[in-house]
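Structure file input-v5.pdb (PDB, C-alpha atoms) follows.
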MODEL        1
ATOM      1  CA  MET A   1       0.000   0.000   0.000
ATOM      2  CA  VAL A   2       1.431   3.358  -1.035
ATOM      3  CA  ASN A   3       1.689   5.884   1.767
ATOM      4  CA  TYR A   4       0.587   9.087   0.067
ATOM      5  CA  ARG A   5       1.187  12.290   2.026
ATOM      6  CA  ARG A   6      -0.410  15.496   0.865
ATOM      7  CA  SER A   7       1.781  18.548   0.559
ATOM      8  CA  ILE A   8       1.281  21.670   2.671
ATOM      9  CA  PRO A   9       0.072  23.803  -0.290
ATOM     10  CA  SER A  10      -2.483  21.104  -1.090
ATOM     11  CA  ARG A  11      -3.770  21.123   2.478
ATOM     12  CA  ILE A  12      -3.984  24.923   2.484
ATOM     13  CA  PHE A  13      -5.914  24.855  -0.787
ATOM     14  CA  ASP A  14      -8.390  22.250   0.511
ATOM     15  CA  THR A  15      -8.890  24.179   3.745
ATOM     16  CA  ALA A  16      -9.580  27.381   1.820
ATOM     17  CA  ASN A  17     -12.086  25.539  -0.376
ATOM     18  CA  VAL A  18     -13.900  24.143   2.661
ATOM     19  CA  CYS A  19     -14.078  27.593   4.284
ATOM     20  CA  PHE A  20     -15.369  29.133   1.065
ATOM     21  CA  LEU A  21     -18.073  26.477   0.682
ATOM     22  CA  ILE A  22     -19.140  26.965   4.315
ATOM     23  CA  VAL A  23     -19.559  30.695   3.718
ATOM     24  CA  VAL A  24     -21.534  30.141   0.510
ATOM     25  CA  SER A  25     -23.744  27.524   2.171
ATOM     26  CA  SER A  26     -24.380  29.837   5.124
ATOM     27  CA  THR A  27     -25.469  32.702   2.870
ATOM     28  CA  SER A  28     -27.864  30.312   1.106
ATOM     29  CA  LEU A  29     -29.322  28.884   4.319
ATOM     30  CA  LEU A  30     -29.651  32.062   6.368
ATOM     31  CA  PRO A  31     -32.673  33.474   4.459
ATOM     32  CA  PHE A  32     -34.542  30.180   4.803
ATOM     33  CA  ILE A  33     -33.650  29.902   8.494
ATOM     34  CA  TYR A  34     -34.890  33.464   9.030
ATOM     35  CA  LEU A  35     -38.207  32.623   7.319
ATOM     36  CA  LEU A  36     -38.543  29.448   9.373
ATOM     37  CA  LEU A  37     -37.969  31.279  12.663
ATOM     38  CA  THR A  38     -40.336  34.082  11.671
ATOM     39  CA  SER A  39     -43.085  31.606  10.800
ATOM     40  CA  PHE A  40     -42.924  30.199  14.357
ATOM     41  CA  SER A  41     -42.827  33.620  16.049
ATOM     42  CA  THR A  42     -45.661  35.089  18.081
ATOM     43  CA  ASN A  43     -47.070  38.590  17.703
ATOM     44  CA  GLN A  44     -45.273  39.803  20.820
ATOM     45  CA  GLU A  45     -41.890  38.564  19.622
ATOM     46  CA  ILE A  46     -42.410  40.173  16.217
ATOM     47  CA  ASP A  47     -43.239  43.433  18.026
ATOM     48  CA  ARG A  48     -39.951  43.187  19.943
ATOM     49  CA  GLY A  49     -38.043  42.384  16.756
ATOM     50  CA  ALA A  50     -36.661  39.121  18.164
ATOM     51  CA  LEU A  51     -34.855  37.005  15.593
ATOM     52  CA  VAL A  52     -35.103  33.752  17.573
ATOM     53  CA  PRO A  53     -38.493  33.109  19.197
ATOM     54  CA  SER A  54     -38.435  32.107  22.846
ATOM     55  CA  SER A  55     -41.580  29.990  22.426
ATOM     56  CA  PHE A  56     -42.503  28.470  19.104
ATOM     57  CA  SER A  57     -46.053  29.029  17.857
ATOM     58  CA  ILE A  58     -47.843  27.342  14.951
ATOM     59  CA  ASP A  59     -50.537  30.021  14.692
ATOM     60  CA  ALA A  60     -49.120  31.193  11.355
ATOM     61  CA  TYR A  61     -49.490  27.716   9.827
ATOM     62  CA  ARG A  62     -53.008  27.383  11.219
ATOM     63  CA  ALA A  63     -53.900  30.725   9.680
ATOM     64  CA  ALA A  64     -52.329  29.681   6.372
ATOM     65  CA  PHE A  65     -54.478  26.559   6.117
ATOM     66  CA  ALA A  66     -57.512  28.518   7.323
ATOM     67  CA  THR A  67     -57.135  30.984   4.451
ATOM     68  CA  PRO A  68     -59.059  29.676   1.388
ATOM     69  CA  LEU A  69     -56.609  31.438  -0.903
ATOM     70  CA  LEU A  70     -53.706  29.318   0.392
ATOM     71  CA  SER A  71     -55.446  26.071   1.328
ATOM     72  CA  ASN A  72     -57.163  25.710  -2.064
ATOM     73  CA  GLY A  73     -53.968  26.681  -3.856
ATOM     74  CA  PHE A  74     -51.977  24.083  -1.921
ATOM     75  CA  LEU A  75     -54.433  21.307  -2.788
ATOM     76  CA  ILE A  76     -54.542  22.321  -6.449
ATOM     77  CA  SER A  77     -50.741  22.427  -6.681
ATOM     78  CA  ALA A  78     -50.519  19.028  -4.973
ATOM     79  CA  PHE A  79     -52.959  17.527  -7.501
ATOM     80  CA  VAL A  80     -51.207  19.160 -10.462
ATOM     81  CA  THR A  81     -47.820  17.933  -9.223
ATOM     82  CA  LEU A  82     -48.886  14.339  -8.573
ATOM     83  CA  ALA A  83     -51.051  13.926 -11.681
ATOM     84  CA  GLY A  84     -48.739  15.881 -13.963
ATOM     85  CA  THR A  85     -45.603  14.058 -12.847
ATOM     86  CA  SER A  86     -47.259  10.660 -13.296
ATOM     87  CA  ILE A  87     -48.506  11.517 -16.784
ATOM     88  CA  SER A  88     -45.199  13.089 -17.811
ATOM     89  CA  ILE A  89     -43.111  10.156 -16.612
ATOM     90  CA  ALA A  90     -45.360   7.656 -18.402
ATOM     91  CA  LEU A  91     -45.409   9.556 -21.705
ATOM     92  CA  THR A  92     -41.712  10.475 -21.592
ATOM     93  CA  THR A  93     -40.727   6.864 -20.869
ATOM     94  CA  MET A  94     -42.799   5.441 -23.733
ATOM     95  CA  MET A  95     -41.631   8.080 -26.204
ATOM     96  CA  ALA A  96     -37.973   7.726 -25.231
ATOM     97  CA  TYR A  97     -38.155   3.938 -25.456
ATOM     98  CA  ALA A  98     -39.672   4.127 -28.942
ATOM     99  CA  LEU A  99     -36.975   6.530 -30.129
ATOM    100  CA  SER A 100     -34.253   4.254 -28.740
ATOM    101  CA  ARG A 101     -35.396   1.289 -30.859
ATOM    102  CA  LYS A 102     -33.258   0.883 -33.970
ATOM    103  CA  GLU A 103     -36.070  -0.873 -35.833
ATOM    104  CA  LEU A 104     -38.425   2.121 -35.519
ATOM    105  CA  PRO A 105     -39.292   3.460 -39.013
ATOM    106  CA  MET A 106     -38.109   7.037 -39.660
ATOM    107  CA  ARG A 107     -36.433   7.067 -36.265
ATOM    108  CA  ARG A 108     -33.896   9.755 -37.152
ATOM    109  CA  ALA A 109     -36.566  12.014 -38.647
ATOM    110  CA  LEU A 110     -38.718  11.699 -35.535
ATOM    111  CA  LEU A 111     -35.716  12.367 -33.324
ATOM    112  CA  PHE A 112     -34.917  15.467 -35.376
ATOM    113  CA  LEU A 113     -38.464  16.761 -34.862
ATOM    114  CA  VAL A 114     -38.103  16.295 -31.107
ATOM    115  CA  VAL A 115     -34.816  18.191 -31.078
ATOM    116  CA  LEU A 116     -36.324  20.882 -33.307
ATOM    117  CA  THR A 117     -38.889  21.739 -30.627
ATOM    118  CA  MET A 118     -35.986  22.581 -28.300
ATOM    119  CA  MET A 119     -34.641  25.165 -30.740
ATOM    120  CA  VAL A 120     -37.837  26.611 -32.255
ATOM    121  CA  ASN A 121     -40.708  27.837 -30.092
ATOM    122  CA  ALA A 122     -44.047  28.802 -31.639
ATOM    123  CA  GLY A 123     -44.682  31.448 -28.971
ATOM    124  CA  ILE A 124     -47.258  32.321 -26.338
ATOM    125  CA  ILE A 125     -50.146  33.274 -28.645
ATOM    126  CA  PRO A 126     -50.197  29.989 -30.659
ATOM    127  CA  LEU A 127     -49.964  28.080 -27.373
ATOM    128  CA  TYR A 128     -52.951  29.948 -25.976
ATOM    129  CA  LEU A 129     -54.932  29.382 -29.190
ATOM    130  CA  VAL A 130     -54.228  25.648 -29.026
ATOM    131  CA  VAL A 131     -55.279  25.469 -25.375
ATOM    132  CA  ARG A 132     -58.433  27.442 -26.111
ATOM    133  CA  SER A 133     -59.315  25.247 -29.107
ATOM    134  CA  LEU A 134     -59.047  22.198 -26.837
ATOM    135  CA  LYS A 135     -61.434  23.922 -24.377
ATOM    136  CA  LEU A 136     -58.862  23.766 -21.579
ATOM    137  CA  VAL A 137     -58.970  27.441 -20.613
ATOM    138  CA  ASP A 138     -59.902  27.831 -16.937
ATOM    139  CA  SER A 139     -59.290  24.117 -16.411
ATOM    140  CA  ILE A 140     -56.722  22.555 -14.111
ATOM    141  CA  TRP A 141     -55.640  20.301 -16.989
ATOM    142  CA  SER A 142     -54.314  23.381 -18.795
ATOM    143  CA  LEU A 143     -51.525  23.355 -16.195
ATOM    144  CA  ILE A 144     -50.587  19.756 -17.054
ATOM    145  CA  LEU A 145     -51.253  18.761 -20.659
ATOM    146  CA  PRO A 146     -49.443  21.590 -22.562
ATOM    147  CA  SER A 147     -46.167  20.804 -20.793
ATOM    148  CA  CYS A 148     -46.515  17.108 -20.022
ATOM    149  CA  ILE A 149     -43.545  16.106 -22.228
ATOM    150  CA  GLY A 150     -40.198  17.855 -22.151
ATOM    151  CA  ALA A 151     -38.090  17.340 -25.273
ATOM    152  CA  PHE A 152     -34.848  17.633 -23.313
ATOM    153  CA  ASN A 153     -35.993  14.960 -20.849
ATOM    154  CA  VAL A 154     -36.989  12.680 -23.738
ATOM    155  CA  ILE A 155     -33.509  12.962 -25.250
ATOM    156  CA  LEU A 156     -31.808  12.246 -21.917
ATOM    157  CA  MET A 157     -33.992   9.232 -21.175
ATOM    158  CA  ARG A 158     -33.512   7.903 -24.699
ATOM    159  CA  ASN A 159     -29.752   8.083 -24.237
ATOM    160  CA  PHE A 160     -30.091   6.188 -20.971
ATOM    161  CA  PHE A 161     -32.129   3.451 -22.663
ATOM    162  CA  LEU A 162     -29.360   3.075 -25.248
ATOM    163  CA  THR A 163     -26.996   1.964 -22.469
ATOM    164  CA  ILE A 164     -29.179  -1.054 -21.596
ATOM    165  CA  PRO A 165     -27.697  -4.204 -23.218
ATOM    166  CA  ASP A 166     -29.656  -5.523 -26.171
ATOM    167  CA  GLU A 167     -29.107  -9.085 -24.937
ATOM    168  CA  LEU A 168     -31.559  -8.528 -22.068
ATOM    169  CA  GLU A 169     -34.310  -7.463 -24.430
ATOM    170  CA  ASP A 170     -33.526 -10.276 -26.876
ATOM    171  CA  ALA A 171     -33.829 -12.809 -24.047
ATOM    172  CA  ALA A 172     -37.172 -11.331 -23.024
ATOM    173  CA  ARG A 173     -38.458 -11.503 -26.598
ATOM    174  CA  LEU A 174     -37.428 -15.164 -26.818
ATOM    175  CA  ASP A 175     -39.624 -15.744 -23.765
ATOM    176  CA  GLY A 176     -42.548 -14.243 -25.655
ATOM    177  CA  CYS A 177     -42.588 -10.713 -24.243
ATOM    178  CA  SER A 178     -44.113  -7.955 -26.332
ATOM    179  CA  ASP A 179     -42.641  -4.468 -26.659
ATOM    180  CA  LEU A 180     -44.799  -3.198 -23.802
ATOM    181  CA  GLU A 181     -43.806  -6.119 -21.571
ATOM    182  CA  VAL A 182     -40.132  -5.534 -22.362
ATOM    183  CA  LEU A 183     -40.543  -1.904 -21.372
ATOM    184  CA  VAL A 184     -42.404  -2.653 -18.128
ATOM    185  CA  ARG A 185     -40.503  -5.758 -16.997
ATOM    186  CA  ILE A 186     -36.977  -5.084 -18.243
ATOM    187  CA  VAL A 187     -36.323  -1.465 -19.124
ATOM    188  CA  VAL A 188     -38.224   0.360 -16.358
ATOM    189  CA  PRO A 189     -36.782  -1.689 -13.439
ATOM    190  CA  LEU A 190     -33.266  -1.002 -14.759
ATOM    191  CA  SER A 191     -33.981   2.726 -15.114
ATOM    192  CA  GLY A 192     -34.648   3.531 -11.468
ATOM    193  CA  PRO A 193     -31.924   6.209 -11.098
ATOM    194  CA  ALA A 194     -32.966   7.961 -14.305
ATOM    195  CA  LEU A 195     -36.661   7.879 -13.432
ATOM    196  CA  ALA A 196     -35.962   9.291  -9.961
ATOM    197  CA  VAL A 197     -34.158  12.278 -11.486
ATOM    198  CA  PHE A 198     -36.939  12.934 -13.985
ATOM    199  CA  VAL A 199     -39.565  12.656 -11.251
ATOM    200  CA  LEU A 200     -37.773  15.481  -9.449
ATOM    201  CA  PHE A 201     -37.425  17.550 -12.634
ATOM    202  CA  TYR A 202     -41.088  17.253 -13.546
ATOM    203  CA  GLY A 203     -42.302  17.522  -9.968
ATOM    204  CA  VAL A 204     -40.458  20.773  -9.283
ATOM    205  CA  ASN A 205     -41.665  22.207 -12.583
ATOM    206  CA  TYR A 206     -45.315  21.397 -11.835
ATOM    207  CA  TRP A 207     -45.117  22.547  -8.220
ATOM    208  CA  ASN A 208     -43.687  25.905  -9.286
ATOM    209  CA  THR A 209     -46.323  26.446 -12.000
ATOM    210  CA  TYR A 210     -47.001  30.167 -12.226
ATOM    211  CA  PHE A 211     -46.944  31.557 -15.766
ATOM    212  CA  SER A 212     -49.290  28.910 -17.165
ATOM    213  CA  ALA A 213     -51.754  29.610 -14.353
ATOM    214  CA  ILE A 214     -51.951  33.355 -14.904
ATOM    215  CA  MET A 215     -52.289  32.763 -18.653
ATOM    216  CA  PHE A 216     -54.913  29.986 -18.684
ATOM    217  CA  ILE A 217     -56.752  30.202 -15.340
ATOM    218  CA  ASN A 218     -59.377  32.890 -14.683
ATOM    219  CA  ASP A 219     -61.220  31.402 -11.713
ATOM    220  CA  PRO A 220     -59.501  32.434  -8.426
ATOM    221  CA  ALA A 221     -60.643  29.153  -6.839
ATOM    222  CA  LYS A 222     -58.489  27.213  -9.345
ATOM    223  CA  MET A 223     -55.270  29.170  -8.857
ATOM    224  CA  PRO A 224     -52.269  27.046  -7.784
ATOM    225  CA  PHE A 225     -50.251  27.744  -4.668
ATOM    226  CA  GLN A 226     -47.567  29.862  -6.334
ATOM    227  CA  VAL A 227     -50.148  32.344  -7.668
ATOM    228  CA  ALA A 228     -51.866  32.457  -4.278
ATOM    229  CA  LEU A 229     -48.491  33.067  -2.660
ATOM    230  CA  ARG A 230     -47.817  35.950  -5.027
ATOM    231  CA  GLN A 231     -51.139  37.529  -4.131
ATOM    232  CA  LEU A 232     -50.424  37.083  -0.439
ATOM    233  CA  LEU A 233     -47.037  38.759  -0.755
ATOM    234  CA  ALA A 234     -48.479  41.639  -2.767
ATOM    235  CA  VAL A 235     -51.692  42.289  -0.781
ATOM    236  CA  ASP A 236     -52.628  41.729   2.842
ATOM    237  CA  GLN A 237     -55.065  38.815   2.625
ATOM    238  CA  LEU A 238     -55.785  38.632   6.352
ATOM    239  CA  GLN A 239     -59.051  40.481   5.798
ATOM    240  CA  GLU A 240     -60.448  37.350   4.136
ATOM    241  CA  LEU A 241     -60.479  35.654   7.524
ATOM    242  CA  ASP A 242     -62.960  36.081  10.342
ATOM    243  CA  ILE A 243     -62.716  39.663  11.600
ATOM    244  CA  ALA A 244     -63.456  38.565  15.149
ATOM    245  CA  ARG A 245     -60.328  36.426  15.154
ATOM    246  CA  LEU A 246     -57.926  39.008  13.727
ATOM    247  CA  SER A 247     -56.540  39.879  17.157
ATOM    248  CA  GLN A 248     -55.519  36.241  17.643
ATOM    249  CA  LEU A 249     -53.972  35.774  14.211
ATOM    250  CA  PRO A 250     -50.242  36.128  13.541
ATOM    251  CA  TYR A 251     -48.799  39.208  11.959
ATOM    252  CA  PRO A 252     -48.704  39.335   8.145
ATOM    253  CA  GLN A 253     -44.929  38.758   8.331
ATOM    254  CA  ALA A 254     -45.404  35.447  10.143
ATOM    255  CA  LEU A 255     -48.216  34.339   7.817
ATOM    256  CA  ARG A 256     -46.214  35.163   4.713
ATOM    257  CA  ALA A 257     -43.143  33.426   6.135
ATOM    258  CA  ALA A 258     -45.227  30.304   6.843
ATOM    259  CA  ALA A 259     -46.592  30.363   3.287
ATOM    260  CA  LEU A 260     -43.065  30.628   1.868
ATOM    261  CA  VAL A 261     -41.914  27.707   4.011
ATOM    262  CA  LEU A 262     -44.867  25.629   2.797
ATOM    263  CA  SER A 263     -43.989  26.451  -0.807
ATOM    264  CA  ALA A 264     -40.462  25.083  -0.359
ATOM    265  CA  LEU A 265     -41.317  22.161   1.935
ATOM    266  CA  PRO A 266     -42.345  19.555  -0.715
ATOM    267  CA  VAL A 267     -39.148  20.031  -2.710
ATOM    268  CA  LEU A 268     -37.006  19.909   0.438
ATOM    269  CA  ALA A 269     -38.772  16.721   1.518
ATOM    270  CA  VAL A 270     -38.208  14.911  -1.803
ATOM    271  CA  TYR A 271     -34.751  16.165  -2.774
ATOM    272  CA  PRO A 272     -32.692  14.208  -0.169
ATOM    273  CA  TRP A 273     -34.157  10.926  -1.437
ATOM    274  CA  VAL A 274     -33.129  11.501  -5.059
ATOM    275  CA  GLN A 275     -29.886  13.402  -4.479
ATOM    276  CA  ARG A 276     -27.785  10.252  -4.808
ATOM    277  CA  TYR A 277     -29.178   9.713  -8.323
ATOM    278  CA  PHE A 278     -28.071  13.127  -9.551
ATOM    279  CA  THR A 279     -24.646  11.916 -10.670
ATOM    280  CA  THR A 280     -26.320   9.328 -12.881
ATOM    281  CA  GLY A 281     -28.767  11.944 -14.116
ATOM    282  CA  LEU A 282     -26.017  14.342 -15.095
ATOM    283  CA  LEU A 283     -24.300  11.608 -17.129
ATOM    284  CA  LEU A 284     -27.430  10.616 -19.055
ATOM    285  CA  GLY A 285     -26.556  12.751 -22.057
ATOM    286  CA  GLY A 286     -23.017  11.457 -22.330
ATOM    287  CA  ILE A 287     -23.892   8.403 -24.412
ATOM    288  CA  LYS A 288     -23.916   8.843 -28.171
ATOM    289  CA  GLU A 289     -25.351   6.471 -30.673
TER     290      GLU A 289
ENDMDL
END
Output the file's structure in the form of structure tokens.
Amino acid sequence: MVNYRRSIPSRIFDTANVCFLIVVSSTSLLPFIYLLLTSFSTNQEIDRGALVPSSFSIDAYRAAFATPLLSNGFLISAFVTLAGTSISIALTTMMAYALSRKELPMRRALLFLVVLTMMVNAGIIPLYLVVRSLKLVDSIWSLILPSCIGAFNVILMRNFFLTIPDELEDAARLDGCSDLEVLVRIVVPLSGPALAVFVLFYGVNYWNTYFSAIMFINDPAKMPFQVALRQLLAVDQLQELDIARLSQLPYPQALRAAALVLSALPVLAVYPWVQRYFTTGLLLGGIKE
């Protein structure tokens, strides 16, 4: 075994890198920590300007879920995220698998059309006209169907499918498996890391839906959480609650901080579980046919 000893300049460089990363991480975490502490603060502590509350209160979160603007938006965003991610993963997987098959007729032409959509965009007005012609305006499905397939994700998943040995699929076909059975029984179980990354990509995109909502949704009761959060940050929505309870409600700062924490909580809850698959996800596009 070789006894490798690092030089002093190397140790100094590594120490400086660690200190720099600690500073950068602290500047990224401090705003979120401040919001978290503010969301648990009471009215008296906010009056005193205390940064760290002496007694944690969940009144801000109770008020957030008691506000129809936020509670309805949270449920709508949860439905859009779960349904949209499921549909997107299913369609992206089937399309990528078809494009990875060498026996597919006009495969290169179809692949070119997929790549072309990444470079040429029709624009907002044609998109709105298509959504309106499908009678999806003011429908929750207008937040899902127009963006259910991402061309970039299709290309990455196709490249991942190309790395799966052909011998596995040939063996499955000898056992009588159809194309769909090969996809479900062979390809999908071997694509766990890739699917986990794409679940995060699609899930974050659907959860943060904002522009599509303000363009296609007119009914305030169907607005997703991000639009409701924008309205809460722009206008004091406490007046929508029971006036008799206003004296017991948290300050607008605490309510807004709780809403911001709720907007980031789903992503923070899912990200640690798929973080280990990110290295595989970043290497998906490295395989060329």
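Nearest residue to Val199 in chain A, choosing from A:Gly123, A:Pro105, A:Pro272, A:Gly84 and counting all atoms listed in the file: A:Gly84.
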List as a PyMOL selection string the protein and nucleic acid residues near Leu37 in chain A, meaning an atom at most 12 Å away when all atoms listed in the file are counted, but skip any in the same chain fewer than 2 places from it.
chain A and resi 30-35+39-42+45-46+49-58+60+253-255+257-258+260-261
If we count only C-alpha atoms and set the cut-off at 10 Å, which residues sit around Ser139 in chain A, ignoring sequence neighbours fewer than 3 positions away in its own chain? Please answer as a PyMOL selection string.
chain A and resi 131+135-136+142-144+213+216-219+222-223
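If you measure from each of A:Leu233, A:Leu156, A:Ala109, A:Val24 to Ser191 in chain A using all atoms listed in the file, the closest one turns out to be A:Leu156.
For Leu75 in chain A, the set of protein, DNA and RNA residues having any atom at most 8 Å away, when counting all atoms listed in the file and skipping those fewer than 3 positions along the same chain, is Ser71, Asn72, Ala78, Phe79, Pro224 and Phe225 of chain A.
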How far is it from CA of Phe152 in chain A to CA of Ser178 in chain A, in Å with one decimal?
27.4 Å
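Of the listed residues A:Ser86, A:Leu116, A:Phe65, A:Asp179, the one whose atoms come nearest to Leu104 in chain A is A:Asp179, with distances taken using all atoms listed in the file.
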Figure out the distance between CA of Arg276 in chain A and CA of Leu162 in chain A, please, to one decimal in Å.
21.7 Å
